[in-house]
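Data block for model.pdb (PDB, C-alpha atoms, pLDDT in the B column):
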ATOM      1  CA  MET A  17      14.421 -47.992 -29.710  1.00 61.00           C
ATOM      2  CA  THR A  18      14.487 -50.482 -32.577  1.00 77.00           C
ATOM      3  CA  ILE A  19      13.380 -49.769 -36.122  1.00 77.00           C
ATOM      4  CA  VAL A  20      10.249 -51.806 -35.519  1.00 63.00           C
ATOM      5  CA  GLY A  21       9.435 -49.678 -32.476  1.00 65.00           C
ATOM      6  CA  VAL A  22       9.911 -46.451 -34.426  1.00 63.00           C
ATOM      7  CA  LEU A  23       7.634 -47.743 -37.187  1.00 67.00           C
ATOM      8  CA  VAL A  24       4.976 -48.641 -34.606  1.00 66.00           C
ATOM      9  CA  VAL A  25       5.111 -45.165 -33.052  1.00 72.00           C
ATOM     10  CA  VAL A  26       4.878 -43.506 -36.476  1.00 69.00           C
ATOM     11  CA  ALA A  27       1.956 -45.707 -37.442  1.00 77.00           C
ATOM     12  CA  VAL A  28       0.082 -44.933 -34.213  1.00 75.00           C
ATOM     13  CA  ALA A  29       0.714 -41.192 -34.593  1.00 78.00           C
ATOM     14  CA  ALA A  30      -0.474 -41.258 -38.218  1.00 79.00           C
ATOM     15  CA  ALA A  31      -3.612 -43.160 -37.209  1.00 81.00           C
ATOM     16  CA  ALA A  32      -4.322 -40.659 -34.421  1.00 76.00           C
ATOM     17  CA  ILE A  33      -3.905 -37.717 -36.786  1.00 79.00           C
ATOM     18  CA  GLN A  34      -6.161 -39.317 -39.347  1.00 82.00           C
ATOM     19  CA  TRP A  35      -8.795 -40.009 -36.693  1.00 80.00           C
ATOM     20  CA  LEU A  36      -8.680 -36.422 -35.486  1.00 72.00           C
ATOM     21  CA  LEU A  37      -9.021 -35.123 -39.026  1.00 76.00           C
ATOM     22  CA  LEU A  38     -12.115 -37.266 -39.466  1.00 79.00           C
ATOM     23  CA  HIS A  39     -13.482 -36.104 -36.130  1.00 76.00           C
ATOM     24  CA  TRP A  40     -12.412 -32.423 -36.312  1.00 74.00           C
ATOM     25  CA  TRP A  41     -15.400 -31.324 -34.289  1.00 75.00           C
ATOM     26  CA  ILE A  42     -13.814 -32.856 -31.165  1.00 75.00           C
ATOM     27  CA  LEU A  43     -10.853 -30.501 -31.571  1.00 69.00           C
ATOM     28  CA  LEU A  44     -13.307 -27.637 -31.974  1.00 78.00           C
ATOM     29  CA  ILE A  45     -15.080 -28.565 -28.738  1.00 81.00           C
ATOM     30  CA  PHE A  46     -11.800 -28.809 -26.842  1.00 77.00           C
ATOM     31  CA  GLY A  47     -10.700 -25.472 -28.275  1.00 77.00           C
ATOM     32  CA  MET A  48     -13.955 -23.781 -27.271  1.00 82.00           C
ATOM     33  CA  ALA A  49     -13.759 -25.283 -23.781  1.00 79.00           C
ATOM     34  CA  ALA A  50     -10.169 -24.073 -23.347  1.00 79.00           C
ATOM     35  CA  GLY A  51     -11.136 -20.617 -24.578  1.00 77.00           C
ATOM     36  CA  ALA A  52     -14.102 -20.439 -22.206  1.00 73.00           C
ATOM     37  CA  GLY A  53     -11.874 -21.559 -19.347  1.00 75.00           C
ATOM     38  CA  GLY A  54      -9.360 -18.863 -20.177  1.00 76.00           C
ATOM     39  CA  VAL A  55     -12.049 -16.175 -20.295  1.00 69.00           C
ATOM     40  CA  PHE A  56     -13.469 -17.362 -16.960  1.00 65.00           C
ATOM     41  CA  TRP A  57      -9.994 -17.338 -15.354  1.00 69.00           C
ATOM     42  CA  LEU A  58      -9.292 -13.829 -16.631  1.00 75.00           C
ATOM     43  CA  HIS A  59     -12.687 -12.568 -15.458  1.00 56.00           C
ATOM     44  CA  ARG A  60     -12.171 -14.168 -12.041  1.00 62.00           C
ATOM     45  CA  ARG A  61      -8.747 -12.583 -11.726  1.00 69.00           C
ATOM     46  CA  GLN A  62     -10.181  -9.161 -12.569  1.00 64.00           C
ATOM     47  CA  GLN A  63     -12.936  -9.644  -9.982  1.00 53.00           C
ATOM     48  CA  LEU A  64     -10.421 -10.527  -7.283  1.00 51.00           C
ATOM     49  CA  ALA A  65      -8.313  -7.479  -8.148  1.00 51.00           C
ATOM     50  CA  GLN A  66     -11.373  -5.226  -7.999  1.00 49.00           C
ATOM     51  CA  TRP A  67     -12.426  -6.740  -4.665  1.00 43.00           C
ATOM     52  CA  ALA A  68      -8.938  -6.161  -3.262  1.00 50.00           C
ATOM     53  CA  GLN A  69      -9.220  -2.492  -4.277  1.00 52.00           C
ATOM     54  CA  VAL A  70     -12.647  -2.224  -2.632  1.00 44.00           C
ATOM     55  CA  GLN A  71     -11.297  -3.761   0.566  1.00 49.00           C
ATOM     56  CA  ALA A  72      -8.320  -1.407   0.542  1.00 53.00           C
ATOM     57  CA  ARG A  73     -10.553   1.645   0.103  1.00 57.00           C
ATOM     58  CA  ALA A  74     -12.789   0.424   2.934  1.00 73.00           C
ATOM     59  CA  LEU A  75      -9.925   0.168   5.424  1.00 92.00           C
ATOM     60  CA  ARG A  76     -10.786   1.794   8.751  1.00 94.00           C
ATOM     61  CA  PHE A  77      -9.152   1.864  12.186  1.00 94.00           C
ATOM     62  CA  THR A  78     -10.515   3.118  15.478  1.00 95.00           C
ATOM     63  CA  LEU A  79      -8.190   4.725  17.987  1.00 96.00           C
ATOM     64  CA  ALA A  80      -8.854   1.825  20.351  1.00 95.00           C
ATOM     65  CA  GLN A  81      -7.624  -0.601  17.690  1.00 95.00           C
ATOM     66  CA  ILE A  82      -4.568   1.534  17.033  1.00 96.00           C
ATOM     67  CA  ASP A  83      -3.732   1.816  20.737  1.00 96.00           C
ATOM     68  CA  GLY A  84      -3.717  -1.976  20.984  1.00 95.00           C
ATOM     69  CA  LEU A  85      -1.151  -2.435  18.209  1.00 95.00           C
ATOM     70  CA  HIS A  86       2.510  -3.279  18.598  1.00 94.00           C
ATOM     71  CA  TYR A  87       4.693  -0.424  17.356  1.00 93.00           C
ATOM     72  CA  ASP A  88       5.711  -2.513  14.333  1.00 94.00           C
ATOM     73  CA  ALA A  89       2.071  -3.242  13.489  1.00 95.00           C
ATOM     74  CA  PHE A  90       1.355   0.468  13.899  1.00 96.00           C
ATOM     75  CA  GLU A  91       3.820   1.193  11.090  1.00 96.00           C
ATOM     76  CA  VAL A  92       2.107  -1.447   8.950  1.00 96.00           C
ATOM     77  CA  ALA A  93      -1.271   0.171   9.655  1.00 96.00           C
ATOM     78  CA  ILE A  94       0.031   3.587   8.584  1.00 97.00           C
ATOM     79  CA  ARG A  95       1.424   2.051   5.406  1.00 97.00           C
ATOM     80  CA  ASP A  96      -1.929   0.400   4.681  1.00 96.00           C
ATOM     81  CA  LEU A  97      -3.779   3.680   5.207  1.00 96.00           C
ATOM     82  CA  MET A  98      -1.487   5.333   2.667  1.00 96.00           C
ATOM     83  CA  ILE A  99      -2.196   2.506   0.225  1.00 96.00           C
ATOM     84  CA  ARG A 100      -5.912   2.959   0.894  1.00 95.00           C
ATOM     85  CA  ASP A 101      -5.509   6.594  -0.119  1.00 94.00           C
ATOM     86  CA  GLY A 102      -4.057   5.533  -3.475  1.00 94.00           C
ATOM     87  CA  CYS A 103      -0.341   5.730  -2.678  1.00 96.00           C
ATOM     88  CA  LYS A 104       2.455   3.340  -3.449  1.00 97.00           C
ATOM     89  CA  ALA A 105       3.735   2.816   0.070  1.00 97.00           C
ATOM     90  CA  THR A 106       6.288   0.606   1.776  1.00 96.00           C
ATOM     91  CA  LYS A 107       7.232   0.050   5.397  1.00 95.00           C
ATOM     92  CA  GLN A 108      10.830   1.089   6.044  1.00 91.00           C
ATOM     93  CA  GLY A 109      10.944   0.981   9.836  1.00 67.00           C
ATOM     94  CA  GLY A 110      13.761  -0.906  11.525  1.00 70.00           C
ATOM     95  CA  ARG A 111      17.464  -0.579  12.088  1.00 69.00           C
ATOM     96  CA  GLY A 112      19.040   1.834   9.663  1.00 66.00           C
ATOM     97  CA  ASP A 113      15.735   3.369   8.565  1.00 72.00           C
ATOM     98  CA  ASP A 114      17.226   6.875   8.945  1.00 81.00           C
ATOM     99  CA  GLY A 115      14.049   8.247  10.456  1.00 83.00           C
ATOM    100  CA  CYS A 116      11.668   6.896   7.808  1.00 94.00           C
ATOM    101  CA  ASP A 117       9.140   4.296   8.963  1.00 96.00           C
ATOM    102  CA  VAL A 118       6.821   4.564   5.947  1.00 97.00           C
ATOM    103  CA  LEU A 119       7.735   5.814   2.497  1.00 97.00           C
ATOM    104  CA  GLY A 120       4.949   6.674   0.062  1.00 97.00           C
ATOM    105  CA  ILE A 121       4.376   8.147  -3.377  1.00 97.00           C
ATOM    106  CA  ASP A 122       0.940   9.708  -3.745  1.00 96.00           C
ATOM    107  CA  PRO A 123      -1.095   9.856  -6.991  1.00 95.00           C
ATOM    108  CA  GLN A 124       0.229  13.384  -7.628  1.00 95.00           C
ATOM    109  CA  GLY A 125       3.829  12.141  -7.510  1.00 96.00           C
ATOM    110  CA  ARG A 126       4.745  13.653  -4.140  1.00 97.00           C
ATOM    111  CA  ARG A 127       7.179  11.669  -2.008  1.00 97.00           C
ATOM    112  CA  TRP A 128       6.015  11.178   1.589  1.00 97.00           C
ATOM    113  CA  VAL A 129       8.276  10.303   4.510  1.00 97.00           C
ATOM    114  CA  LEU A 130       6.428   9.337   7.682  1.00 97.00           C
ATOM    115  CA  GLN A 131       7.954   8.728  11.090  1.00 97.00           C
ATOM    116  CA  CYS A 132       5.673   6.739  13.427  1.00 97.00           C
ATOM    117  CA  LYS A 133       5.634   7.027  17.222  1.00 97.00           C
ATOM    118  CA  HIS A 134       3.280   4.556  18.889  1.00 97.00           C
ATOM    119  CA  ARG A 135       2.282   5.064  22.508  1.00 96.00           C
ATOM    120  CA  LYS A 136       0.753   2.129  24.401  1.00 92.00           C
ATOM    121  CA  ARG A 137      -1.105   4.545  26.670  1.00 92.00           C
ATOM    122  CA  GLY A 138      -2.290   6.760  23.830  1.00 91.00           C
ATOM    123  CA  ALA A 139      -2.792  10.353  24.953  1.00 92.00           C
ATOM    124  CA  GLU A 140      -1.447   9.454  28.399  1.00 94.00           C
ATOM    125  CA  GLY A 141       1.876   8.314  26.980  1.00 94.00           C
ATOM    126  CA  LYS A 142       5.052  10.298  26.490  1.00 95.00           C
ATOM    127  CA  PRO A 143       4.433  13.205  24.090  1.00 97.00           C
ATOM    128  CA  VAL A 144       6.422  13.605  20.904  1.00 97.00           C
ATOM    129  CA  GLY A 145       8.682  16.631  21.162  1.00 97.00           C
ATOM    130  CA  VAL A 146      11.219  18.708  19.317  1.00 97.00           C
ATOM    131  CA  PRO A 147      14.108  16.194  19.707  1.00 96.00           C
ATOM    132  CA  GLU A 148      12.199  13.551  17.724  1.00 96.00           C
ATOM    133  CA  LEU A 149      11.269  16.149  15.130  1.00 97.00           C
ATOM    134  CA  GLN A 150      14.894  17.219  14.812  1.00 96.00           C
ATOM    135  CA  VAL A 151      15.930  13.664  13.958  1.00 94.00           C
ATOM    136  CA  LEU A 152      13.214  13.437  11.321  1.00 96.00           C
ATOM    137  CA  ASN A 153      14.053  16.866   9.935  1.00 96.00           C
ATOM    138  CA  GLY A 154      17.698  15.888   9.576  1.00 94.00           C
ATOM    139  CA  THR A 155      17.046  12.900   7.330  1.00 94.00           C
ATOM    140  CA  ALA A 156      13.661  13.204   5.610  1.00 95.00           C
ATOM    141  CA  ARG A 157      14.674  15.585   2.835  1.00 95.00           C
ATOM    142  CA  GLN A 158      18.426  15.103   2.743  1.00 94.00           C
ATOM    143  CA  ILE A 159      18.412  11.300   2.677  1.00 93.00           C
ATOM    144  CA  HIS A 160      14.899  10.295   1.606  1.00 94.00           C
ATOM    145  CA  LYS A 161      14.218  13.218  -0.767  1.00 95.00           C
ATOM    146  CA  ALA A 162      10.849  13.916   0.827  1.00 96.00           C
ATOM    147  CA  ASP A 163       8.334  16.374  -0.562  1.00 97.00           C
ATOM    148  CA  VAL A 164       6.081  15.893   2.475  1.00 97.00           C
ATOM    149  CA  VAL A 165       7.482  15.131   5.937  1.00 97.00           C
ATOM    150  CA  VAL A 166       5.071  13.760   8.550  1.00 98.00           C
ATOM    151  CA  MET A 167       5.333  12.789  12.203  1.00 98.00           C
ATOM    152  CA  VAL A 168       2.520  10.385  13.163  1.00 98.00           C
ATOM    153  CA  THR A 169       1.570   9.366  16.684  1.00 98.00           C
ATOM    154  CA  ASN A 170      -1.430   7.932  18.460  1.00 97.00           C
ATOM    155  CA  GLY A 171      -0.412  10.123  21.370  1.00 97.00           C
ATOM    156  CA  ARG A 172       0.149  13.859  21.628  1.00 97.00           C
ATOM    157  CA  MET A 173       2.746  16.498  20.845  1.00 97.00           C
ATOM    158  CA  THR A 174       4.508  18.835  23.249  1.00 97.00           C
ATOM    159  CA  ARG A 175       3.542  22.507  23.241  1.00 96.00           C
ATOM    160  CA  THR A 176       6.807  23.464  21.561  1.00 97.00           C
ATOM    161  CA  ALA A 177       6.541  20.784  18.874  1.00 97.00           C
ATOM    162  CA  GLU A 178       3.840  22.460  16.798  1.00 96.00           C
ATOM    163  CA  PRO A 179       5.521  25.851  16.183  1.00 97.00           C
ATOM    164  CA  TRP A 180       8.880  24.157  15.611  1.00 98.00           C
ATOM    165  CA  ALA A 181       7.357  21.737  13.093  1.00 97.00           C
ATOM    166  CA  ARG A 182       5.521  24.530  11.309  1.00 96.00           C
ATOM    167  CA  ASN A 183       8.737  26.475  10.958  1.00 96.00           C
ATOM    168  CA  GLN A 184      10.494  23.424   9.483  1.00 96.00           C
ATOM    169  CA  LYS A 185       7.512  22.472   7.259  1.00 96.00           C
ATOM    170  CA  ILE A 186       6.900  19.203   9.058  1.00 97.00           C
ATOM    171  CA  HIS A 187       3.309  17.998   9.263  1.00 98.00           C
ATOM    172  CA  LEU A 188       2.057  16.675  12.593  1.00 98.00           C
ATOM    173  CA  VAL A 189      -0.520  13.901  12.837  1.00 98.00           C
ATOM    174  CA  ASP A 190      -1.420  13.638  16.495  1.00 97.00           C
ATOM    175  CA  ARG A 191      -4.098  11.500  18.100  1.00 97.00           C
ATOM    176  CA  HIS A 192      -6.944  13.758  17.000  1.00 96.00           C
ATOM    177  CA  VAL A 193      -5.837  14.001  13.370  1.00 97.00           C
ATOM    178  CA  LEU A 194      -4.948  10.293  13.239  1.00 97.00           C
ATOM    179  CA  GLY A 195      -8.392   9.353  14.501  1.00 96.00           C
ATOM    180  CA  GLU A 196     -10.035  11.452  11.798  1.00 96.00           C
ATOM    181  CA  TRP A 197      -7.802  10.046   9.059  1.00 97.00           C
ATOM    182  CA  ALA A 198      -7.909   6.376  10.111  1.00 96.00           C
ATOM    183  CA  ALA A 199     -11.656   6.221  10.708  1.00 93.00           C
ATOM    184  CA  GLY A 200     -12.653   8.281   7.678  1.00 89.00           C
ATOM    185  CA  SER A 201     -12.334   8.032   3.941  1.00 82.00           C
ATOM    186  CA  ARG A 202     -10.391  11.193   3.076  1.00 91.00           C
ATOM    187  CA  PRO A 203      -6.740  10.846   2.075  1.00 94.00           C
ATOM    188  CA  LEU A 204      -4.148  12.346   4.368  1.00 96.00           C
ATOM    189  CA  TRP A 205      -3.377  15.232   2.008  1.00 95.00           C
ATOM    190  CA  GLU A 206      -6.994  16.374   2.367  1.00 94.00           C
ATOM    191  CA  VAL A 207      -6.897  16.082   6.149  1.00 94.00           C
ATOM    192  CA  LEU A 208      -3.682  18.100   6.452  1.00 95.00           C
ATOM    193  CA  SER A 209      -3.102  21.671   5.320  1.00 90.00           C
ATOM    194  CA  ARG A 210      -0.216  23.423   3.554  1.00 89.00           C
ATOM    195  CA  ILE A 211       0.649  20.357   1.444  1.00 92.00           C
ATOM    196  CA  PRO A 212       3.175  21.056  -1.357  1.00 90.00           C
ATOM    197  CA  PRO A 213       1.736  21.264  -4.885  1.00 89.00           C
ATOM    198  CA  PRO A 214       1.536  18.074  -6.953  1.00 86.00           C
ATOM    199  CA  ARG A 215       4.536  16.981  -8.995  1.00 77.00           C
ATOM    200  CA  ARG A 216       2.174  15.796 -11.734  1.00 66.00           C
ATOM    201  CA  ALA A 217      -1.502  15.950 -12.585  1.00 56.00           C
ATOM    202  CA  SER A 218      -3.712  13.373 -10.878  1.00 50.00           C
ATOM    203  CA  SER A 219      -4.754  10.502 -13.131  1.00 47.00           C
TER     204      SER A 219
END
Using structure tokens, write down the structure from this file.
Amino acid sequence: MTIVGVLVVVAVAAAAIQWLLLHWWILLIFGMAAGAGGVFWLHRRQQLAQWAQVQARALRFTLAQIDGLHYDAFEVAIRDLMIRDGCKATKQGGRGDDGCDVLGIDPQGRRWVLQCKHRKRGAEGKPVGVPELQVLNGTARQIHKADVVVMVTNGRMTRTAEPWARNQKIHLVDRHVLGEWAAGSRPLWEVLSRIPPPRRASS
């Protein structure tokens, strides 16, 4: 840029500044408009966050809906129910999950490890038995550091599964318990019994 060009730019900038100083109220209007826009954006963002929380708390599933899910979607549904209950939960299911399909931290700081067994035929499908519980028992605490270990199915358990699970402090969520939890509003730790004490006080 030539010297003449620089002088022209400086002159135009000086004239613009002088004009704005003479018409300061325009800057004030723009400032107020920007501030109002910022307040509106922040308020809108807070509303959306609150609505997302309301939707999460309102999450419900019927057993018919659950039966119709793919096993992968079933794990997602269990994760979402844990989030509904106020947990920080992630889906872990897949190769190398070491028996943990959903990992959650509840508001009391307890670490939950959930293994999910979906049955297309629901109660008519293959029951969950001791062998599946043994796999879960071998990894939940040793690898995932679980405070609460849960086997979840939309089907049923074998007759030997319940006493074995009780002895190993594994919680069973069969079709009946799942239906109550998924269709209701109580968190899982209120539906189940013999839950370990909180790690920290609830906020």
Extract, using all atoms listed in the file, all DNA, RNA and protein residues at most 8 Å from Arg172 in chain A, discarding same-chain residues fewer than 5 positions from it, and format them as a PDB file with C-alpha atoms, keeping the file's coordinate frame.
ATOM      1  CA  GLY A 138      -2.290   6.760  23.830  1.00 91.00           C
ATOM      2  CA  ALA A 139      -2.792  10.353  24.953  1.00 92.00           C
ATOM      3  CA  GLY A 141       1.876   8.314  26.980  1.00 94.00           C
ATOM      4  CA  LYS A 142       5.052  10.298  26.490  1.00 95.00           C
ATOM      5  CA  PRO A 143       4.433  13.205  24.090  1.00 97.00           C
ATOM      6  CA  VAL A 144       6.422  13.605  20.904  1.00 97.00           C
ATOM      7  CA  ASP A 190      -1.420  13.638  16.495  1.00 97.00           C
ATOM      8  CA  ARG A 191      -4.098  11.500  18.100  1.00 97.00           C
TER       9      ARG A 191
END
Please compute the CA of Val168 in chain A-CA of His187 in chain A distance, one decimal, in Å.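 Separation between CA of Val168 in chain A and CA of His187 in chain A: 8.6 Å.
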Of the residues A:Val193, A:Ile99, A:Val146, A:Val164, which is the one nearest to Ala177 in chain A, using only C-alpha atoms? A:Val146
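Note that the spacing between CA of Arg175 in chain A and CA of Glu196 in chain A amounts to 20.9 Å.
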Apply the PyMOL selection byres ((chain A and resi 87) around 12) to the structure shown and report the selected residues as a count of residues only. 25
CA of Thr155 in chain A and CA of Cys116 in chain A, how far apart in Å?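 Straight-line distance from CA of Cys116 in chain A to CA of Thr155 in chain A works out to 8.1 Å.
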My list of candidates is A:Leu204, A:Val25, A:Asp163, A:Ala105. Which is closest to Arg127 in chain A when distances are computed with all atoms listed in the file?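 Looking only at the distances to Arg127 in chain A, the closest residue turns out to be A:Asp163.
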Under the rule that all atoms listed in the file are counted, which of A:Arg202, A:Arg182, A:Arg215, A:His39 is the nearest residue to Met98 in chain A? A:Arg202
Draw an axis-aligned box tight on the listed atoms of range 86-102 of chain A, then pad every side by 5 Å and write out centre and edge lengths in Å to one decimal as JSON.
{"center_x": -0.1, "center_y": 1.7, "center_z": 7.6, "size_x": 21.6, "size_y": 19.9, "size_z": 32.1}
Given only C-alpha atoms as the basis, pick out the residue of A:His192, A:Arg210, A:Lys107, A:Arg137 nearest to Val165 in chain A.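 Using only C-alpha atoms, Val165 in chain A sits closest to A:Arg210.
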Residue with the minimum atom-to-atom distance to Leu194 in chain A, picked from A:Pro179, A:Ser209, A:Thr78, A:Gln158 with all atoms listed in the file counted, is A:Thr78
In the coordinate frame of the file, compute which residues have an atom within 8 Å of (7.1, -0.7, 0.4) when using all atoms listed in the file, and state them as number ranges by chain. A: 104-108, 118-120
Export of the given selection (C-alpha atoms) as a short mmCIF file (atom, residue, chain, number, x, y, z; two decimals), keeping the file's coordinate frame:
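Saved the output as result_8.cif:
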data_model
loop_
_atom_site.label_atom_id
_atom_site.label_comp_id
_atom_site.auth_asym_id
_atom_site.auth_seq_id
_atom_site.Cartn_x
_atom_site.Cartn_y
_atom_site.Cartn_z
CA LYS A 104 2.46 3.34 -3.45
CA ALA A 105 3.74 2.82 0.07
CA THR A 106 6.29 0.61 1.78
CA LYS A 107 7.23 0.05 5.40
CA GLN A 108 10.83 1.09 6.04
CA VAL A 118 6.82 4.56 5.95
CA LEU A 119 7.74 5.81 2.50
CA GLY A 120 4.95 6.67 0.06
#
Extract, using all atoms listed in the file, all DNA, RNA and protein residues at most 7 Å from Gly145 in chain A, discarding same-chain residues fewer than 4 positions from it, and format them as a PDB file with C-alpha atoms, in the coordinates of the input.
ATOM      1  CA  LEU A 149      11.269  16.149  15.130  1.00 97.00           C
ATOM      2  CA  MET A 173       2.746  16.498  20.845  1.00 97.00           C
ATOM      3  CA  THR A 174       4.508  18.835  23.249  1.00 97.00           C
ATOM      4  CA  ALA A 177       6.541  20.784  18.874  1.00 97.00           C
TER       5      ALA A 177
END
